[in-house]
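S.K.: My structure file work_13.cif, mmCIF, C-alpha atoms, is below:
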data_final
#
loop_
_atom_site.group_PDB
_atom_site.id
_atom_site.type_symbol
_atom_site.label_atom_id
_atom_site.label_comp_id
_atom_site.auth_asym_id
_atom_site.auth_seq_id
_atom_site.Cartn_x
_atom_site.Cartn_y
_atom_site.Cartn_z
ATOM 1 C CA MET E 799 -8.513 24.866 15.702
ATOM 2 C CA THR E 800 -7.453 26.487 12.441
ATOM 3 C CA LEU E 801 -6.785 25.248 8.926
ATOM 4 C CA GLN E 802 -3.188 26.385 9.374
ATOM 5 C CA GLN E 803 -2.755 24.159 12.413
ATOM 6 C CA MET E 804 -4.151 21.226 10.418
ATOM 7 C CA ARG E 805 -1.578 21.860 7.704
ATOM 8 C CA TYR E 806 1.116 21.908 10.368
ATOM 9 C CA VAL E 807 0.004 18.448 11.561
ATOM 10 C CA ILE E 808 0.170 17.026 8.028
ATOM 11 C CA GLU E 809 3.641 18.477 7.403
ATOM 12 C CA ILE E 810 5.048 17.118 10.676
ATOM 13 C CA ALA E 811 3.523 13.680 10.072
ATOM 14 C CA GLU E 812 5.040 13.516 6.584
ATOM 15 C CA LYS E 813 8.487 14.796 7.574
ATOM 16 C CA GLY E 814 8.736 12.898 10.860
ATOM 17 C CA SER E 815 10.730 15.786 12.276
ATOM 18 C CA MET E 816 9.688 19.059 13.874
ATOM 19 C CA ASN E 817 12.793 20.781 12.536
ATOM 20 C CA GLU E 818 12.304 19.573 8.930
ATOM 21 C CA ALA E 819 8.591 20.416 9.060
ATOM 22 C CA ALA E 820 9.387 23.948 10.256
ATOM 23 C CA LYS E 821 11.769 24.411 7.318
ATOM 24 C CA GLY E 822 9.109 23.221 4.883
ATOM 25 C CA LEU E 823 6.533 25.560 6.396
ATOM 26 C CA PHE E 824 8.978 28.516 6.514
ATOM 27 C CA ILE E 825 8.418 29.158 10.211
ATOM 28 C CA SER E 826 10.645 28.759 13.244
ATOM 29 C CA GLN E 827 10.682 25.486 15.126
ATOM 30 C CA PRO E 828 9.626 27.117 18.451
ATOM 31 C CA SER E 829 6.615 28.690 16.696
ATOM 32 C CA LEU E 830 5.617 25.349 15.226
ATOM 33 C CA THR E 831 6.043 23.575 18.560
ATOM 34 C CA THR E 832 3.894 26.179 20.298
ATOM 35 C CA ALA E 833 1.166 25.915 17.646
ATOM 36 C CA ILE E 834 0.996 22.131 18.034
ATOM 37 C CA LYS E 835 0.924 22.317 21.849
ATOM 38 C CA GLU E 836 -1.942 24.806 21.653
ATOM 39 C CA LEU E 837 -3.807 22.520 19.257
ATOM 40 C CA GLU E 838 -3.298 19.460 21.476
ATOM 41 C CA LYS E 839 -4.552 21.430 24.481
ATOM 42 C CA GLU E 840 -7.629 22.575 22.576
ATOM 43 C CA ILE E 841 -8.655 19.133 21.255
ATOM 44 C CA GLY E 842 -7.655 17.260 24.405
ATOM 45 C CA ILE E 843 -5.382 14.626 22.871
ATOM 46 C CA THR E 844 -1.674 14.139 22.272
ATOM 47 C CA VAL E 845 -1.160 14.141 18.515
ATOM 48 C CA PHE E 846 2.594 13.494 18.461
ATOM 49 C CA HIS E 847 4.883 11.445 20.651
ATOM 50 C CA ARG E 848 8.328 13.016 21.005
ATOM 51 C CA SER E 849 11.458 10.959 21.726
ATOM 52 C CA ASN E 850 15.200 10.901 21.038
ATOM 53 C CA ARG E 851 14.454 9.124 17.759
ATOM 54 C CA GLY E 852 12.274 11.967 16.515
ATOM 55 C CA ILE E 853 8.542 12.512 16.408
ATOM 56 C CA GLU E 854 5.732 10.139 15.497
ATOM 57 C CA LEU E 855 1.943 10.041 15.606
ATOM 58 C CA THR E 856 0.156 8.568 18.599
ATOM 59 C CA SER E 857 -2.777 6.229 17.919
ATOM 60 C CA GLU E 858 -5.170 9.117 18.618
ATOM 61 C CA GLY E 859 -3.028 11.379 16.456
ATOM 62 C CA SER E 860 -3.223 8.929 13.564
ATOM 63 C CA GLU E 861 -7.014 8.974 13.732
ATOM 64 C CA PHE E 862 -7.013 12.783 13.977
ATOM 65 C CA LEU E 863 -4.732 12.976 10.919
ATOM 66 C CA GLY E 864 -7.325 11.081 8.869
ATOM 67 C CA TYR E 865 -9.930 13.754 9.612
ATOM 68 C CA VAL E 866 -7.418 16.536 9.023
ATOM 69 C CA ARG E 867 -6.496 15.212 5.583
ATOM 70 C CA GLN E 868 -10.160 14.962 4.645
ATOM 71 C CA ILE E 869 -10.855 18.562 5.676
ATOM 72 C CA THR E 870 -7.766 20.073 4.041
ATOM 73 C CA GLU E 871 -8.306 18.155 0.802
ATOM 74 C CA GLN E 872 -11.946 19.249 0.635
ATOM 75 C CA TYR E 873 -10.862 22.833 1.267
ATOM 76 C CA ALA E 874 -8.262 22.578 -1.503
ATOM 77 C CA LEU E 875 -10.929 21.343 -3.911
ATOM 78 C CA MET E 876 -13.239 24.239 -3.011
ATOM 79 C CA GLU E 877 -10.377 26.699 -3.346
ATOM 80 C CA GLU E 878 -9.507 25.358 -6.805
ATOM 81 C CA ARG E 879 -13.119 25.480 -7.963
ATOM 82 C CA TYR E 880 -14.427 28.720 -6.477
ATOM 83 C CA ILE E 881 -11.408 30.939 -5.750
ATOM 84 C CA LYS E 882 -8.753 30.021 -8.290
ATOM 85 C CA LYS E 883 -11.465 29.144 -10.845
ATOM 86 C CA SER E 884 -9.253 26.426 -12.287
ATOM 87 C CA GLU E 885 -10.435 23.164 -13.768
ATOM 88 C CA GLN E 886 -10.867 20.582 -11.039
ATOM 89 C CA LYS E 887 -8.321 17.751 -11.119
ATOM 90 C CA GLU E 888 -9.477 14.188 -10.789
ATOM 91 C CA ARG E 889 -7.596 12.612 -7.895
ATOM 92 C CA PHE E 890 -6.967 8.887 -7.568
ATOM 93 C CA HIS E 891 -4.264 7.276 -5.420
ATOM 94 C CA ILE E 892 -3.779 3.564 -4.709
ATOM 95 C CA SER E 893 -1.539 1.594 -2.363
ATOM 96 C CA ALA E 894 -0.869 -2.036 -3.206
ATOM 97 C CA GLN E 895 1.259 -5.043 -2.495
ATOM 98 C CA HIS E 896 3.821 -5.716 -5.226
ATOM 99 C CA TYR E 897 1.338 -6.789 -7.897
ATOM 100 C CA THR E 898 2.211 -6.141 -11.534
ATOM 101 C CA PHE E 899 -1.439 -6.637 -12.442
ATOM 102 C CA ALA E 900 -2.422 -3.730 -10.160
ATOM 103 C CA VAL E 901 -0.039 -1.455 -12.075
ATOM 104 C CA GLU E 902 -1.415 -2.718 -15.389
ATOM 105 C CA ALA E 903 -5.035 -2.247 -14.256
ATOM 106 C CA PHE E 904 -4.219 1.254 -13.013
ATOM 107 C CA SER E 905 -2.627 2.141 -16.379
ATOM 108 C CA LYS E 906 -5.618 0.828 -18.319
ATOM 109 C CA ALA E 907 -7.994 2.828 -16.116
ATOM 110 C CA VAL E 908 -5.961 5.993 -16.751
ATOM 111 C CA LEU E 909 -6.016 5.394 -20.514
ATOM 112 C CA LYS E 910 -9.806 5.023 -20.413
ATOM 113 C CA SER E 911 -10.235 8.170 -18.328
ATOM 114 C CA GLU E 912 -11.856 11.057 -20.184
ATOM 115 C CA THR E 913 -10.029 13.709 -18.172
ATOM 116 C CA ASP E 914 -6.601 15.114 -19.008
ATOM 117 C CA ASN E 915 -6.374 17.059 -15.736
ATOM 118 C CA TYR E 916 -5.559 14.690 -12.923
ATOM 119 C CA ASP E 917 -3.467 13.937 -9.822
ATOM 120 C CA LEU E 918 -2.697 10.201 -9.707
ATOM 121 C CA ALA E 919 -0.411 7.992 -7.645
ATOM 122 C CA VAL E 920 0.568 4.331 -7.258
ATOM 123 C CA TYR E 921 2.389 3.227 -4.096
ATOM 124 C CA GLU E 922 3.788 -0.325 -3.973
ATOM 125 C CA THR E 923 4.296 -0.742 -0.266
ATOM 126 C CA ARG E 924 4.029 -2.847 2.881
ATOM 127 C CA THR E 925 0.780 -4.454 4.032
ATOM 128 C CA HIS E 926 0.390 -2.353 7.177
ATOM 129 C CA GLU E 927 1.197 0.838 5.261
ATOM 130 C CA ILE E 928 -1.529 0.004 2.733
ATOM 131 C CA ILE E 929 -4.032 -0.060 5.598
ATOM 132 C CA THR E 930 -2.650 3.182 7.063
ATOM 133 C CA ASP E 931 -2.615 4.940 3.675
ATOM 134 C CA VAL E 932 -6.296 4.181 3.049
ATOM 135 C CA LYS E 933 -7.289 4.984 6.618
ATOM 136 C CA ASN E 934 -5.557 8.380 6.468
ATOM 137 C CA MET E 935 -6.880 9.089 2.938
ATOM 138 C CA ARG E 936 -3.437 9.151 1.382
ATOM 139 C CA SER E 937 -4.864 6.513 -0.932
ATOM 140 C CA ASP E 938 -8.414 5.885 -2.104
ATOM 141 C CA LEU E 939 -7.948 2.130 -2.456
ATOM 142 C CA GLY E 940 -5.575 -0.534 -1.171
ATOM 143 C CA VAL E 941 -4.957 -3.838 -2.986
ATOM 144 C CA LEU E 942 -3.931 -6.893 -0.937
ATOM 145 C CA TYR E 943 -4.902 -10.495 -0.235
ATOM 146 C CA LEU E 944 -6.569 -12.489 2.524
ATOM 147 C CA ASN E 945 -6.384 -16.193 3.259
ATOM 148 C CA ASP E 946 -7.338 -18.494 6.132
ATOM 149 C CA PHE E 947 -4.115 -17.660 7.976
ATOM 150 C CA ASN E 948 -4.169 -13.843 7.992
ATOM 151 C CA ARG E 949 -7.898 -13.171 7.577
ATOM 152 C CA ARG E 950 -8.834 -12.792 11.255
ATOM 153 C CA VAL E 951 -5.974 -10.402 12.051
ATOM 154 C CA LEU E 952 -6.374 -8.216 8.962
ATOM 155 C CA GLU E 953 -10.172 -8.095 9.143
ATOM 156 C CA ASN E 954 -9.825 -6.898 12.729
ATOM 157 C CA ASP E 955 -7.474 -4.153 11.462
ATOM 158 C CA PHE E 956 -10.000 -3.181 8.802
ATOM 159 C CA LYS E 957 -12.790 -2.943 11.365
ATOM 160 C CA GLU E 958 -10.730 -0.827 13.784
ATOM 161 C CA ASN E 959 -9.801 1.587 10.991
ATOM 162 C CA ASN E 960 -13.279 1.919 9.443
ATOM 163 C CA LEU E 961 -12.264 0.075 6.271
ATOM 164 C CA THR E 962 -14.212 -2.328 4.069
ATOM 165 C CA PHE E 963 -12.625 -5.240 2.175
ATOM 166 C CA THR E 964 -14.207 -6.262 -1.146
ATOM 167 C CA PRO E 965 -13.080 -9.535 -2.805
ATOM 168 C CA LEU E 966 -12.008 -9.414 -6.462
ATOM 169 C CA PHE E 967 -10.978 -12.984 -7.270
ATOM 170 C CA ASP E 968 -9.712 -16.216 -5.681
ATOM 171 C CA CYS E 969 -6.518 -17.965 -6.772
ATOM 172 C CA GLU E 970 -4.130 -20.761 -5.851
ATOM 173 C CA THR E 971 -0.512 -20.353 -4.780
ATOM 174 C CA TYR E 972 2.103 -20.197 -7.534
ATOM 175 C CA VAL E 973 5.886 -20.109 -7.534
ATOM 176 C CA TYR E 974 7.113 -17.053 -9.429
ATOM 177 C CA LEU E 975 10.596 -17.491 -10.895
ATOM 178 C CA SER E 976 12.867 -16.849 -13.849
ATOM 179 C CA SER E 977 12.004 -18.753 -17.027
ATOM 180 C CA LYS E 978 15.666 -19.916 -16.945
ATOM 181 C CA HIS E 979 15.276 -21.413 -13.467
ATOM 182 C CA PRO E 980 15.987 -25.198 -13.347
ATOM 183 C CA LEU E 981 12.402 -25.773 -12.080
ATOM 184 C CA ALA E 982 10.670 -23.485 -14.570
ATOM 185 C CA GLY E 983 9.569 -26.288 -16.914
ATOM 186 C CA LYS E 984 7.780 -28.362 -14.262
ATOM 187 C CA ARG E 985 3.988 -28.700 -14.098
ATOM 188 C CA GLN E 986 4.088 -28.370 -10.294
ATOM 189 C CA ILE E 987 6.768 -27.505 -7.760
ATOM 190 C CA SER E 988 7.041 -28.769 -4.167
ATOM 191 C CA PHE E 989 8.636 -27.038 -1.195
ATOM 192 C CA LYS E 990 11.223 -29.816 -1.020
ATOM 193 C CA GLU E 991 12.372 -28.947 -4.545
ATOM 194 C CA LEU E 992 12.615 -25.266 -3.592
ATOM 195 C CA ASP E 993 14.766 -25.817 -0.512
ATOM 196 C CA GLU E 994 18.084 -25.239 -2.303
ATOM 197 C CA TYR E 995 16.946 -21.917 -3.778
ATOM 198 C CA PRO E 996 16.464 -18.591 -1.924
ATOM 199 C CA CYS E 997 12.939 -17.441 -1.182
ATOM 200 C CA LEU E 998 12.467 -13.713 -1.835
ATOM 201 C CA SER E 999 10.283 -12.013 0.757
ATOM 202 C CA PHE E 1000 9.081 -8.413 0.721
ATOM 203 C CA ASP E 1001 10.212 -6.784 3.960
ATOM 204 C CA GLN E 1002 7.374 -5.570 6.209
ATOM 205 C CA GLY E 1003 9.386 -3.215 8.431
ATOM 206 C CA ALA E 1004 8.235 -2.732 12.016
ATOM 207 C CA LYS E 1005 5.107 -4.794 11.306
ATOM 208 C CA ASN E 1006 7.153 -7.805 10.166
ATOM 209 C CA SER E 1007 4.569 -10.262 11.511
ATOM 210 C CA PHE E 1008 3.715 -13.485 9.701
ATOM 211 C CA TYR E 1009 0.159 -12.158 9.383
ATOM 212 C CA TYR E 1010 1.320 -9.122 7.392
ATOM 213 C CA ALA E 1011 3.609 -11.062 5.065
ATOM 214 C CA GLU E 1012 2.989 -10.370 1.391
ATOM 215 C CA GLU E 1013 3.717 -13.992 0.555
ATOM 216 C CA VAL E 1014 1.413 -16.812 1.650
ATOM 217 C CA LEU E 1015 2.816 -19.683 3.757
ATOM 218 C CA SER E 1016 5.021 -17.211 5.619
ATOM 219 C CA THR E 1017 5.498 -19.609 8.558
ATOM 220 C CA TYR E 1018 7.251 -22.255 6.457
ATOM 221 C CA PRO E 1019 10.846 -22.833 7.756
ATOM 222 C CA TYR E 1020 12.679 -21.639 4.640
ATOM 223 C CA LYS E 1021 16.346 -22.706 4.528
ATOM 224 C CA LYS E 1022 17.316 -19.649 2.462
ATOM 225 C CA ILE E 1023 15.479 -16.346 2.513
ATOM 226 C CA ILE E 1024 16.350 -12.896 1.132
ATOM 227 C CA HIS E 1025 14.355 -9.851 2.198
ATOM 228 C CA VAL E 1026 13.782 -7.180 -0.446
ATOM 229 C CA ASN E 1027 11.751 -3.979 -0.544
ATOM 230 C CA ASP E 1028 10.931 -3.475 -4.212
ATOM 231 C CA ARG E 1029 9.793 -5.512 -7.192
ATOM 232 C CA ALA E 1030 12.762 -4.664 -9.444
ATOM 233 C CA THR E 1031 15.219 -6.082 -6.889
ATOM 234 C CA ALA E 1032 13.143 -9.260 -6.574
ATOM 235 C CA LEU E 1033 13.167 -9.735 -10.358
ATOM 236 C CA ASN E 1034 16.942 -9.239 -10.461
ATOM 237 C CA MET E 1035 17.433 -11.833 -7.705
ATOM 238 C CA MET E 1036 15.288 -14.312 -9.645
ATOM 239 C CA THR E 1037 17.622 -13.968 -12.609
ATOM 240 C CA LEU E 1038 20.969 -13.778 -10.795
ATOM 241 C CA LEU E 1039 20.426 -16.164 -7.870
ATOM 242 C CA TYR E 1040 17.582 -18.385 -9.083
ATOM 243 C CA GLY E 1041 15.457 -16.922 -6.332
ATOM 244 C CA TYR E 1042 11.686 -17.284 -6.244
ATOM 245 C CA THR E 1043 8.667 -15.838 -4.541
ATOM 246 C CA LEU E 1044 5.106 -17.053 -3.983
ATOM 247 C CA CYS E 1045 2.329 -15.263 -5.816
ATOM 248 C CA SER E 1046 -1.219 -15.332 -7.174
ATOM 249 C CA GLY E 1047 -0.150 -16.691 -10.545
ATOM 250 C CA VAL E 1048 -1.353 -13.567 -12.351
ATOM 251 C CA ILE E 1049 1.602 -12.300 -14.384
ATOM 252 C CA CYS E 1050 1.746 -9.478 -16.938
ATOM 253 C CA LYS E 1051 4.187 -10.300 -19.710
ATOM 254 C CA GLU E 1052 3.636 -6.905 -21.301
ATOM 255 C CA LEU E 1053 5.263 -5.290 -18.257
ATOM 256 C CA ASN E 1054 7.762 -7.907 -17.048
ATOM 257 C CA GLY E 1055 8.572 -9.547 -20.388
ATOM 258 C CA ASP E 1056 8.891 -13.256 -21.168
ATOM 259 C CA GLY E 1057 11.741 -13.824 -18.736
ATOM 260 C CA TYR E 1058 9.535 -14.998 -15.856
ATOM 261 C CA CYS E 1059 6.876 -17.625 -15.270
ATOM 262 C CA ALA E 1060 4.473 -18.883 -12.597
ATOM 263 C CA VAL E 1061 4.241 -22.591 -11.739
ATOM 264 C CA PRO E 1062 1.598 -24.049 -9.346
ATOM 265 C CA LEU E 1063 2.918 -24.879 -5.861
ATOM 266 C CA SER E 1064 2.156 -28.393 -4.703
ATOM 267 C CA GLY E 1065 0.332 -28.182 -1.379
ATOM 268 C CA GLY E 1066 -0.296 -24.458 -1.721
ATOM 269 C CA VAL E 1067 -3.265 -22.587 -0.272
ATOM 270 C CA ARG E 1068 -6.005 -20.464 -1.787
ATOM 271 C CA MET E 1069 -6.020 -16.719 -1.366
ATOM 272 C CA THR E 1070 -8.538 -13.963 -2.040
ATOM 273 C CA VAL E 1071 -7.230 -10.824 -3.742
ATOM 274 C CA GLY E 1072 -9.344 -7.745 -3.065
ATOM 275 C CA TYR E 1073 -9.316 -4.068 -2.258
ATOM 276 C CA ILE E 1074 -9.958 -1.963 0.829
ATOM 277 C CA LYS E 1075 -11.499 1.481 1.032
ATOM 278 C CA ARG E 1076 -12.805 3.721 3.767
ATOM 279 C CA THR E 1077 -16.314 2.569 4.580
ATOM 280 C CA ASP E 1078 -17.657 6.116 4.178
ATOM 281 C CA ALA E 1079 -15.748 6.875 0.949
ATOM 282 C CA VAL E 1080 -17.429 7.615 -2.377
ATOM 283 C CA LEU E 1081 -15.310 6.340 -5.252
ATOM 284 C CA SER E 1082 -14.499 8.402 -8.338
ATOM 285 C CA THR E 1083 -15.143 7.362 -11.931
ATOM 286 C CA ILE E 1084 -11.509 6.392 -12.453
ATOM 287 C CA ALA E 1085 -11.493 4.365 -9.195
ATOM 288 C CA ASN E 1086 -14.496 2.364 -10.377
ATOM 289 C CA GLU E 1087 -12.811 1.811 -13.745
ATOM 290 C CA PHE E 1088 -9.696 0.557 -11.930
ATOM 291 C CA ILE E 1089 -11.804 -1.941 -9.956
ATOM 292 C CA LYS E 1090 -13.473 -3.085 -13.177
ATOM 293 C CA GLU E 1091 -10.037 -3.708 -14.717
ATOM 294 C CA LEU E 1092 -8.852 -5.637 -11.643
ATOM 295 C CA LYS E 1093 -11.796 -8.011 -11.891
ATOM 296 C CA GLN E 1094 -10.612 -9.089 -15.343
ATOM 297 C CA TYR E 1095 -7.737 -11.019 -13.737
ATOM 298 C CA GLY E 1096 -10.056 -13.391 -11.880
#
Do you think you could lay out the structure here as structure tokens?

M.R.:
Amino acid sequence: MTLQQMRYVIEIAEKGSMNEAAKGLFISQPSLTTAIKELEKEIGITVFHRSNRGIELTSEGSEFLGYVRQITEQYALMEERYIKKSEQKERFHISAQHYTFAVEAFSKAVLKSETDNYDLAVYETRTHEIITDVKNMRSDLGVLYLNDFNRRVLENDFKENNLTFTPLFDCETYVYLSSKHPLAGKRQISFKELDEYPCLSFDQGAKNSFYYAEEVLSTYPYKKIIHVNDRATALNMMTLLYGYTLCSGVICKELNGDGYCAVPLSGGVRMTVGYIKRTDAVLSTIANEFIKELKQYG
């Protein structure tokens, strides 16, 4: 097994296509296919499943990719430090549910960082992809919530993927809506009052299970529901259609402005917001600063 073969695996996994990966690697597709077959024979597992829809990682391949990323990233760090003699960049990537406060905490951590040579990333994404990103070391931390409904399923996922969940703060359920919404001035809002307005739900893709829903109370029989995949669209729908979503109640006016508010949901449930990391991971200075900033919202 060579470092080159490991890089091939990463490229194929990211492109999802043998042909596109070959183009990115500047080699022929037959050569790439042969290299992967030789690797699979050597390590005794099938890394990729091939079908008419393209190519995707097997469960064993996904685990193998996590090790491959770790090795190639460590090699890149050594190469930067000892061969290229360049100043080492501080790397910090996070994956999170669509939390404005996570973006704000990340920004504050960056501003407090003493390094001006870094490689940083924020991915607002689906619940299952947060778990996969941290497992495969695409991200150092993942920010999401647990409650009594999804806890057993997600904790089982964490255990299977060698991840540890650390609580940050507990909160009640709030209705997040436009400050111009007819219900915005109420002290509490009930589900009955919300029935005539569309609920905005962040789409979870292939893992669109109630347990992976970003919003609590996902099993409620909503009369009107609109699925979205990014925060900007959700905010637009709140303004244009009087839509709403359910949230932690932590809002950042500095980022979203004064046009939105959070009102307690009558009969809501408590949730625990926290972060996941690989159990064997050692966190960087900026990662620890990010966690410190997140705790301020509790």

S.K.: With all atoms listed in the file as the counted atoms, please give the residues lying no more than 9 Å from Ala811 (chain E), apart from itself and same-chain residues fewer than 5 positions off, as a list in words.

M.R.: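 Within the cut-off, the hits are Tyr806, Ala819, Phe846, Ile853, Glu854, Leu855, Ser860 and Leu863 of chain E.
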
S.K.: What's the 12 Å shell around Asn945 (chain E), counting only C-alpha atoms, without same-chain residues fewer than 5 positions away, as a ChimeraX atom specification?

M.R.: /E:950-953,965,967-971,1009-1016,1046,1066-1072

S.K.: Selection in question (the file shown): the PyMOL selection byres ((chain E and resi 893) around 10). Which residues does it include, as a list in words?

M.R.: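 Applied to this file, the PyMOL selection byres ((chain E and resi 893) around 10) returns His891, Ile892, Ala894, Gln895, His896, Ala900, Ala919, Val920, Tyr921, Glu922, Thr923, Arg924, Thr925, Glu927, Ile928, Ile929, Thr930, Asp931, Val932, Arg936, Ser937, Asp938, Leu939, Gly940, Val941, Leu942, Tyr1073 and Ile1074 of chain E.
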
S.K.: Write out as number ranges by chain the residues lying within 12 Å of Ile869 (chain E), counting only C-alpha atoms and excluding same-chain residues fewer than 6 positions away.

M.R.: E: 800-805, 808, 862-863, 875-876, 934-935

S.K.: For Lys1021 (chain E), which of E:Leu918, E:Leu1044, E:Leu992, E:Ala833 is the closest residue, counting only C-alpha atoms?

M.R.: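 Checking each candidate against Lys1021 (chain E), we get E:Leu992 as the closest.
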
S.K.: For Ile1049 (chain E), which of E:Asp1001, E:Gly1096, E:Glu878, E:Glu1087 is the closest residue, counting all atoms listed in the file?

M.R.: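 Using all atoms listed in the file, Ile1049 (chain E) sits closest to E:Gly1096.
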
S.K.: Assuming the chain letters and numbering stay as they are in my file, what does the PyMOL selection byres ((chain E and resi 917) around 8) actually select? List them as an NGL selection string.

M.R.: :E and (887-890 or 915-916 or 918-919)

S.K.: Would you compute an axis-aligned box for region 967-976 of chain E, covering every atom listed for it in the file with 8 Å of margin on each side, and report centre and edge lengths in Å to one decimal as JSON?

M.R.:
{"center_x": 0.9, "center_y": -16.9, "center_z": -9.3, "size_x": 39.8, "size_y": 23.8, "size_z": 25.1}

S.K.: For Cys1050 (chain E), which of E:Glu912, E:Glu902, E:Asp955, E:Glu994 is the closest residue, counting all atoms listed in the file?

M.R.: E:Glu902
